[in-house]
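Text of run_12.pdb (PDB, C-alpha atoms, pLDDT in the B column) as supplied:
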```pdb
ATOM      1  CA  MET Q 137      88.714  86.939  82.048  1.00 87.00           C
ATOM      2  CA  THR Q 138      92.370  87.416  82.915  1.00 91.00           C
ATOM      3  CA  LYS Q 139      93.119  90.094  85.492  1.00 95.00           C
ATOM      4  CA  ILE Q 140      96.668  91.355  85.991  1.00 96.00           C
ATOM      5  CA  LEU Q 141      97.496  93.227  89.185  1.00 96.00           C
ATOM      6  CA  PHE Q 142     100.684  95.295  89.153  1.00 97.00           C
ATOM      7  CA  LEU Q 143     102.064  96.174  92.585  1.00 97.00           C
ATOM      8  CA  CYS Q 144     104.822  98.496  93.704  1.00 95.00           C
ATOM      9  CA  PRO Q 145     105.300  99.963  97.162  1.00 95.00           C
ATOM     10  CA  HIS Q 146     104.040 103.488  96.490  1.00 96.00           C
ATOM     11  CA  ASN Q 147     101.767 102.823  93.481  1.00 97.00           C
ATOM     12  CA  ALA Q 148     103.140 106.031  92.017  1.00 96.00           C
ATOM     13  CA  ALA Q 149     105.643 104.999  89.354  1.00 97.00           C
ATOM     14  CA  LYS Q 150     106.616 101.468  88.248  1.00 97.00           C
ATOM     15  CA  SER Q 151     103.219  99.804  88.724  1.00 97.00           C
ATOM     16  CA  VAL Q 152     101.513 102.785  87.071  1.00 97.00           C
ATOM     17  CA  LEU Q 153     103.850 102.589  84.067  1.00 97.00           C
ATOM     18  CA  ALA Q 154     103.367  98.819  83.777  1.00 97.00           C
ATOM     19  CA  ALA Q 155      99.580  99.005  84.015  1.00 97.00           C
ATOM     20  CA  ALA Q 156      99.311 101.817  81.470  1.00 97.00           C
ATOM     21  CA  TYR Q 157     101.536  99.971  79.007  1.00 97.00           C
ATOM     22  CA  ALA Q 158      99.763  96.635  79.569  1.00 96.00           C
ATOM     23  CA  LYS Q 159      96.387  98.277  78.856  1.00 95.00           C
ATOM     24  CA  LYS Q 160      97.714  99.867  75.674  1.00 95.00           C
ATOM     25  CA  LEU Q 161      99.402  96.688  74.458  1.00 95.00           C
ATOM     26  CA  ALA Q 162      96.365  94.523  75.260  1.00 95.00           C
ATOM     27  CA  GLN Q 163      94.162  96.857  73.260  1.00 94.00           C
ATOM     28  CA  GLU Q 164      96.593  96.819  70.321  1.00 94.00           C
ATOM     29  CA  ARG Q 165      96.743  93.004  70.415  1.00 93.00           C
ATOM     30  CA  GLY Q 166      93.019  92.525  70.899  1.00 92.00           C
ATOM     31  CA  LEU Q 167      93.444  90.849  74.282  1.00 92.00           C
ATOM     32  CA  GLU Q 168      90.601  90.955  76.769  1.00 92.00           C
ATOM     33  CA  LEU Q 169      92.374  91.795  80.000  1.00 93.00           C
ATOM     34  CA  VAL Q 170      91.547  93.621  83.170  1.00 96.00           C
ATOM     35  CA  VAL Q 171      94.605  95.519  84.364  1.00 96.00           C
ATOM     36  CA  ASP Q 172      94.823  97.052  87.810  1.00 96.00           C
ATOM     37  CA  THR Q 173      97.493  98.597  89.994  1.00 96.00           C
ATOM     38  CA  ALA Q 174      97.975  99.181  93.720  1.00 97.00           C
ATOM     39  CA  GLY Q 175     100.636  99.625  96.368  1.00 96.00           C
ATOM     40  CA  THR Q 176     101.546  98.445  99.841  1.00 94.00           C
ATOM     41  CA  GLU Q 177     102.295 101.989 101.071  1.00 95.00           C
ATOM     42  CA  PRO Q 178     100.647 104.244  98.472  1.00 96.00           C
ATOM     43  CA  ASP Q 179     101.695 107.844  97.904  1.00 96.00           C
ATOM     44  CA  GLU Q 180      99.156 110.668  97.683  1.00 96.00           C
ATOM     45  CA  GLU Q 181      99.531 110.996  93.913  1.00 96.00           C
ATOM     46  CA  VAL Q 182     101.231 109.469  90.898  1.00 96.00           C
ATOM     47  CA  SER Q 183     104.751 110.764  90.396  1.00 96.00           C
ATOM     48  CA  PRO Q 184     104.493 113.983  88.326  1.00 95.00           C
ATOM     49  CA  VAL Q 185     107.376 112.753  86.143  1.00 95.00           C
ATOM     50  CA  VAL Q 186     105.518 109.497  85.430  1.00 96.00           C
ATOM     51  CA  ALA Q 187     102.209 111.287  84.808  1.00 95.00           C
ATOM     52  CA  GLU Q 188     103.855 113.667  82.323  1.00 95.00           C
ATOM     53  CA  PHE Q 189     105.688 110.816  80.598  1.00 96.00           C
ATOM     54  CA  LEU Q 190     102.489 108.789  80.150  1.00 95.00           C
ATOM     55  CA  LYS Q 191     100.681 111.855  78.879  1.00 94.00           C
ATOM     56  CA  GLN Q 192     103.427 112.357  76.270  1.00 94.00           C
ATOM     57  CA  GLN Q 193     103.010 108.700  75.260  1.00 92.00           C
ATOM     58  CA  SER Q 194      99.223 109.168  74.900  1.00 92.00           C
ATOM     59  CA  MET Q 195      98.558 106.687  77.693  1.00 92.00           C
ATOM     60  CA  ASP Q 196      96.047 106.831  80.512  1.00 82.00           C
ATOM     61  CA  VAL Q 197      97.210 108.879  83.513  1.00 82.00           C
ATOM     62  CA  SER Q 198      93.931 108.882  85.430  1.00 85.00           C
ATOM     63  CA  THR Q 199      94.965 106.353  88.075  1.00 86.00           C
ATOM     64  CA  ARG Q 200      95.270 107.381  91.727  1.00 93.00           C
ATOM     65  CA  PRO Q 201      97.582 105.539  94.122  1.00 97.00           C
ATOM     66  CA  ARG Q 202      95.703 103.195  96.446  1.00 97.00           C
ATOM     67  CA  LYS Q 203      96.432 100.455  98.939  1.00 96.00           C
ATOM     68  CA  VAL Q 204      96.189  96.868  97.729  1.00 95.00           C
ATOM     69  CA  THR Q 205      93.288  94.923  99.239  1.00 94.00           C
ATOM     70  CA  ARG Q 206      92.624  91.254  99.811  1.00 91.00           C
ATOM     71  CA  ALA Q 207      89.893  91.505  97.150  1.00 93.00           C
ATOM     72  CA  ASP Q 208      92.488  92.763  94.636  1.00 94.00           C
ATOM     73  CA  ILE Q 209      94.697  89.785  95.345  1.00 93.00           C
ATOM     74  CA  VAL Q 210      91.953  87.161  95.260  1.00 91.00           C
ATOM     75  CA  SER Q 211      90.478  88.462  92.004  1.00 92.00           C
ATOM     76  CA  ALA Q 212      93.818  88.639  90.173  1.00 93.00           C
ATOM     77  CA  THR Q 213      94.804  85.918  87.736  1.00 92.00           C
ATOM     78  CA  GLN Q 214      98.374  87.228  87.627  1.00 93.00           C
ATOM     79  CA  ILE Q 215     100.094  89.310  90.321  1.00 95.00           C
ATOM     80  CA  ILE Q 216     103.273  91.197  89.420  1.00 96.00           C
ATOM     81  CA  SER Q 217     105.261  92.676  92.305  1.00 95.00           C
ATOM     82  CA  MET Q 218     107.945  95.286  91.707  1.00 96.00           C
ATOM     83  CA  GLY Q 219     109.740  95.728  94.998  1.00 92.00           C
ATOM     84  CA  CYS Q 220     106.916  95.050  97.457  1.00 89.00           C
ATOM     85  CA  GLU Q 221     107.522  93.314 100.758  1.00 86.00           C
ATOM     86  CA  LEU Q 222     105.394  90.250 100.079  1.00 82.00           C
ATOM     87  CA  GLU Q 223     105.209  89.298 103.760  1.00 83.00           C
ATOM     88  CA  GLU Q 224     102.911  92.300 104.214  1.00 76.00           C
ATOM     89  CA  LEU Q 225     100.418  91.077 101.616  1.00 80.00           C
ATOM     90  CA  PRO Q 226      97.418  88.915 102.549  1.00 77.00           C
ATOM     91  CA  LEU Q 227      98.551  86.088 100.271  1.00 81.00           C
ATOM     92  CA  GLN Q 228      97.073  82.625 100.664  1.00 77.00           C
ATOM     93  CA  GLY Q 229      98.681  80.563  97.938  1.00 74.00           C
ATOM     94  CA  GLU Q 230      98.418  83.097  95.117  1.00 75.00           C
ATOM     95  CA  THR Q 231     101.279  83.060  92.668  1.00 79.00           C
ATOM     96  CA  VAL Q 232     103.254  86.273  92.519  1.00 90.00           C
ATOM     97  CA  GLU Q 233     105.789  87.006  89.812  1.00 93.00           C
ATOM     98  CA  ARG Q 234     108.553  89.267  91.100  1.00 94.00           C
ATOM     99  CA  TRP Q 235     110.023  91.942  88.862  1.00 97.00           C
ATOM    100  CA  ASP Q 236     112.377  93.251  91.516  1.00 94.00           C
ATOM    101  CA  ASP Q 237     115.079  93.881  88.913  1.00 95.00           C
ATOM    102  CA  VAL Q 238     113.135  96.809  87.407  1.00 96.00           C
ATOM    103  CA  PRO Q 239     115.129  99.879  88.438  1.00 94.00           C
ATOM    104  CA  SER Q 240     113.517 102.717  90.337  1.00 93.00           C
ATOM    105  CA  VAL Q 241     112.169 105.576  88.249  1.00 94.00           C
ATOM    106  CA  ARG Q 242     114.369 107.827  90.396  1.00 91.00           C
ATOM    107  CA  GLN Q 243     117.380 105.954  89.008  1.00 91.00           C
ATOM    108  CA  GLY Q 244     116.237 106.779  85.494  1.00 93.00           C
ATOM    109  CA  LEU Q 245     112.800 106.859  83.941  1.00 96.00           C
ATOM    110  CA  ARG Q 246     113.969 105.639  80.526  1.00 95.00           C
ATOM    111  CA  THR Q 247     115.810 102.632  81.957  1.00 96.00           C
ATOM    112  CA  SER Q 248     112.863 101.702  84.136  1.00 97.00           C
ATOM    113  CA  TRP Q 249     110.444 102.178  81.221  1.00 97.00           C
ATOM    114  CA  GLN Q 250     112.511  99.992  78.875  1.00 97.00           C
ATOM    115  CA  GLN Q 251     112.635  97.159  81.421  1.00 97.00           C
ATOM    116  CA  ILE Q 252     108.897  97.424  82.031  1.00 98.00           C
ATOM    117  CA  GLN Q 253     108.150  97.388  78.293  1.00 97.00           C
ATOM    118  CA  LYS Q 254     110.184  94.195  77.788  1.00 98.00           C
ATOM    119  CA  LYS Q 255     108.582  92.447  80.735  1.00 98.00           C
ATOM    120  CA  VAL Q 256     105.004  93.475  79.912  1.00 98.00           C
ATOM    121  CA  ASP Q 257     105.509  92.466  76.282  1.00 97.00           C
ATOM    122  CA  ALA Q 258     106.774  89.034  77.358  1.00 96.00           C
ATOM    123  CA  LEU Q 259     103.911  88.643  79.852  1.00 96.00           C
ATOM    124  CA  LEU Q 260     101.240  89.468  77.286  1.00 95.00           C
ATOM    125  CA  THR Q 261     102.920  87.236  74.706  1.00 93.00           C
ATOM    126  CA  LYS Q 262     102.802  84.402  77.237  1.00 89.00           C
ATOM    127  CA  LEU Q 263      99.086  85.055  77.774  1.00 81.00           C
ATOM    128  CA  LYS Q 264      98.421  84.927  74.030  1.00 74.00           C
ATOM    129  CA  PRO Q 265     101.391  83.408  72.207  1.00 59.00           C
ATOM    130  CA  ASP Q 266     100.161  83.989  68.649  1.00 54.00           C
TER     131      ASP Q 266
END
```

I'd like the structure from this file rewritten - as structure tokens, please.
Amino acid sequence: MTKILFLCPHNAAKSVLAAAYAKKLAQERGLELVVDTAGTEPDEEVSPVVAEFLKQQSMDVSTRPRKVTRADIVSATQIISMGCELEELPLQGETVERWDDVPSVRQGLRTSWQQIQKKVDALLTKLKPD
């Protein structure tokens, strides 16, 4: 089964948005995916702005920020990094797709959300092109 791991430094905004949307889209498209999220320097909690936004969108907000582990990386089929310092990750040949152009939620939630939607949609389309 395909497992997508979304990473952002604090695991409190961009990776949370991407994972929530990927789960929703996969369910709508009938894709069997495992979607996870983590950070390199996780915050104590998901950004309240992000949590409220996801709640308004009827998406899962139950995630808690956590530090990425070697097990996360090894078990992932696809790793998406949004602004992480990859040198800090215990990578050993894994392929990481960088979405460093996704703007910070602090710069504007809507702009960040729109970029994430486009990228997640393209990623899931690539996984199941029909």

Shell of 10 Å around Asp257 (chain Q), all atoms listed in the file, local chain residues under 6 positions omitted, as a ChimeraX atom specification: /Q:157-158,161-162,251,263

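The spacing separating CA of Asp236 (chain Q) from CA of Val204 (chain Q) amounts to 17.7 Å.
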
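Take the candidates Q:Gln228, Q:Gln253, Q:Gln163, Q:Ser248 and check each one against Ala207 (chain Q) using all atoms listed in the file; the shortest distance goes to Q:Gln228.
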
Neighbour list for Val232 (chain Q) as number ranges by chain, cut-off 7 Å, all atoms listed in the file, skip fewer than 3 positions in-chain: Q: 214-217

Residue among Q:Met218, Q:Leu227, Q:Ala212, Q:Ile252 lying closest to His146 (chain Q), counting all atoms listed in the file: Q:Met218

Straight-line distance linking CA of Thr199 (chain Q) with CA of Lys139 (chain Q), stated in Å to one decimal: 16.6 Å

Shortest interatomic distance to Gly175 (chain Q) - which of Q:Arg242, Q:Lys150, Q:Lys191, Q:Arg234, counting all atoms listed in the file: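 Going through Q:Arg242, Q:Lys150, Q:Lys191, Q:Arg234 one by one, the smallest distance to Gly175 (chain Q) is for Q:Lys150.
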
So that I can see what lies close to Gly219 (chain Q), please list as a ChimeraX atom specification the residues with an atom at most 12 Å from it, counting only C-alpha atoms and leaving out residues fewer than 3 positions away in the same chain. /Q:142-147,149-151,175-177,216,222-224,232-240

Which residue of Q:Thr261, Q:Glu181, Q:Lys160, Q:Ala174 approaches Ser194 (chain Q) most closely, using all atoms listed in the file: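 Residue with the minimum atom-to-atom distance to Ser194 (chain Q): Q:Lys160.
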
Pick from Q:Thr247, Q:Leu225, Q:Leu167, Q:Leu259: nearest to Lys203 (chain Q), with all atoms listed in the file counted?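 Among Q:Thr247, Q:Leu225, Q:Leu167, Q:Leu259, it is Q:Leu225 that comes nearest to Lys203 (chain Q).
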
Since the input lacks some atoms of region 161-187 of chain Q, please model N, CA and C atoms and print them as a CSV table (one decimal), in the coordinates of the input.
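File written: result18.csv
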```csv
chain,number,residue,atom,x,y,z
Q,161,LEU,N,99.0,97.8,75.2
Q,161,LEU,CA,99.4,96.7,74.5
Q,161,LEU,C,98.3,95.7,74.3
Q,162,ALA,N,97.5,95.5,75.3
Q,162,ALA,CA,96.4,94.5,75.3
Q,162,ALA,C,95.4,95.0,74.2
Q,163,GLN,N,95.1,96.3,74.2
Q,163,GLN,CA,94.2,96.9,73.3
Q,163,GLN,C,94.7,96.7,71.8
Q,164,GLU,N,96.0,97.0,71.6
Q,164,GLU,CA,96.6,96.8,70.3
Q,164,GLU,C,96.6,95.4,69.8
Q,165,ARG,N,96.7,94.4,70.8
Q,165,ARG,CA,96.7,93.0,70.4
Q,165,ARG,C,95.4,92.3,70.5
Q,166,GLY,N,94.4,93.1,70.8
Q,166,GLY,CA,93.0,92.5,70.9
Q,166,GLY,C,92.8,91.5,72.0
Q,167,LEU,N,93.6,91.7,73.1
Q,167,LEU,CA,93.4,90.8,74.3
Q,167,LEU,C,92.4,91.4,75.2
Q,168,GLU,N,91.6,90.5,75.8
Q,168,GLU,CA,90.6,91.0,76.8
Q,168,GLU,C,91.2,90.8,78.1
Q,169,LEU,N,91.7,91.8,78.7
Q,169,LEU,CA,92.4,91.8,80.0
Q,169,LEU,C,91.8,92.9,80.9
Q,170,VAL,N,91.8,92.6,82.2
Q,170,VAL,CA,91.5,93.6,83.2
Q,170,VAL,C,92.9,93.9,83.8
Q,171,VAL,N,93.3,95.1,83.8
Q,171,VAL,CA,94.6,95.5,84.4
Q,171,VAL,C,94.4,96.5,85.5
Q,172,ASP,N,95.0,96.2,86.7
Q,172,ASP,CA,94.8,97.1,87.8
Q,172,ASP,C,96.2,97.3,88.4
Q,173,THR,N,96.2,98.2,89.3
Q,173,THR,CA,97.5,98.6,90.0
Q,173,THR,C,97.2,99.1,91.4
Q,174,ALA,N,98.1,98.8,92.3
Q,174,ALA,CA,98.0,99.2,93.7
Q,174,ALA,C,99.4,99.2,94.4
Q,175,GLY,N,99.4,99.6,95.6
Q,175,GLY,CA,100.6,99.6,96.4
Q,175,GLY,C,100.5,99.2,97.8
Q,176,THR,N,101.6,98.9,98.4
Q,176,THR,CA,101.5,98.4,99.8
Q,176,THR,C,101.6,99.7,100.8
Q,177,GLU,N,102.2,100.7,100.3
Q,177,GLU,CA,102.3,102.0,101.1
Q,177,GLU,C,102.1,103.1,100.1
Q,178,PRO,N,100.9,103.3,99.6
Q,178,PRO,CA,100.6,104.2,98.5
Q,178,PRO,C,100.9,105.7,98.8
Q,179,ASP,N,101.5,106.4,97.8
Q,179,ASP,CA,101.7,107.8,97.9
Q,179,ASP,C,100.4,108.6,97.7
Q,180,GLU,N,100.4,109.9,97.9
Q,180,GLU,CA,99.2,110.7,97.7
Q,180,GLU,C,98.8,110.8,96.2
Q,181,GLU,N,99.8,110.8,95.4
Q,181,GLU,CA,99.5,111.0,93.9
Q,181,GLU,C,100.6,110.3,93.1
Q,182,VAL,N,100.3,110.1,91.8
Q,182,VAL,CA,101.2,109.5,90.9
Q,182,VAL,C,102.4,110.5,90.7
Q,183,SER,N,103.6,109.9,90.6
Q,183,SER,CA,104.8,110.8,90.4
Q,183,SER,C,104.5,111.7,89.2
Q,184,PRO,N,104.7,113.0,89.4
Q,184,PRO,CA,104.5,114.0,88.3
Q,184,PRO,C,105.3,113.7,87.1
Q,185,VAL,N,106.5,113.1,87.3
Q,185,VAL,CA,107.4,112.8,86.1
Q,185,VAL,C,106.7,111.6,85.4
Q,186,VAL,N,106.2,110.6,86.1
Q,186,VAL,CA,105.5,109.5,85.4
Q,186,VAL,C,104.2,110.0,84.7
Q,187,ALA,N,103.5,110.8,85.4
Q,187,ALA,CA,102.2,111.3,84.8
Q,187,ALA,C,102.5,112.0,83.5
```
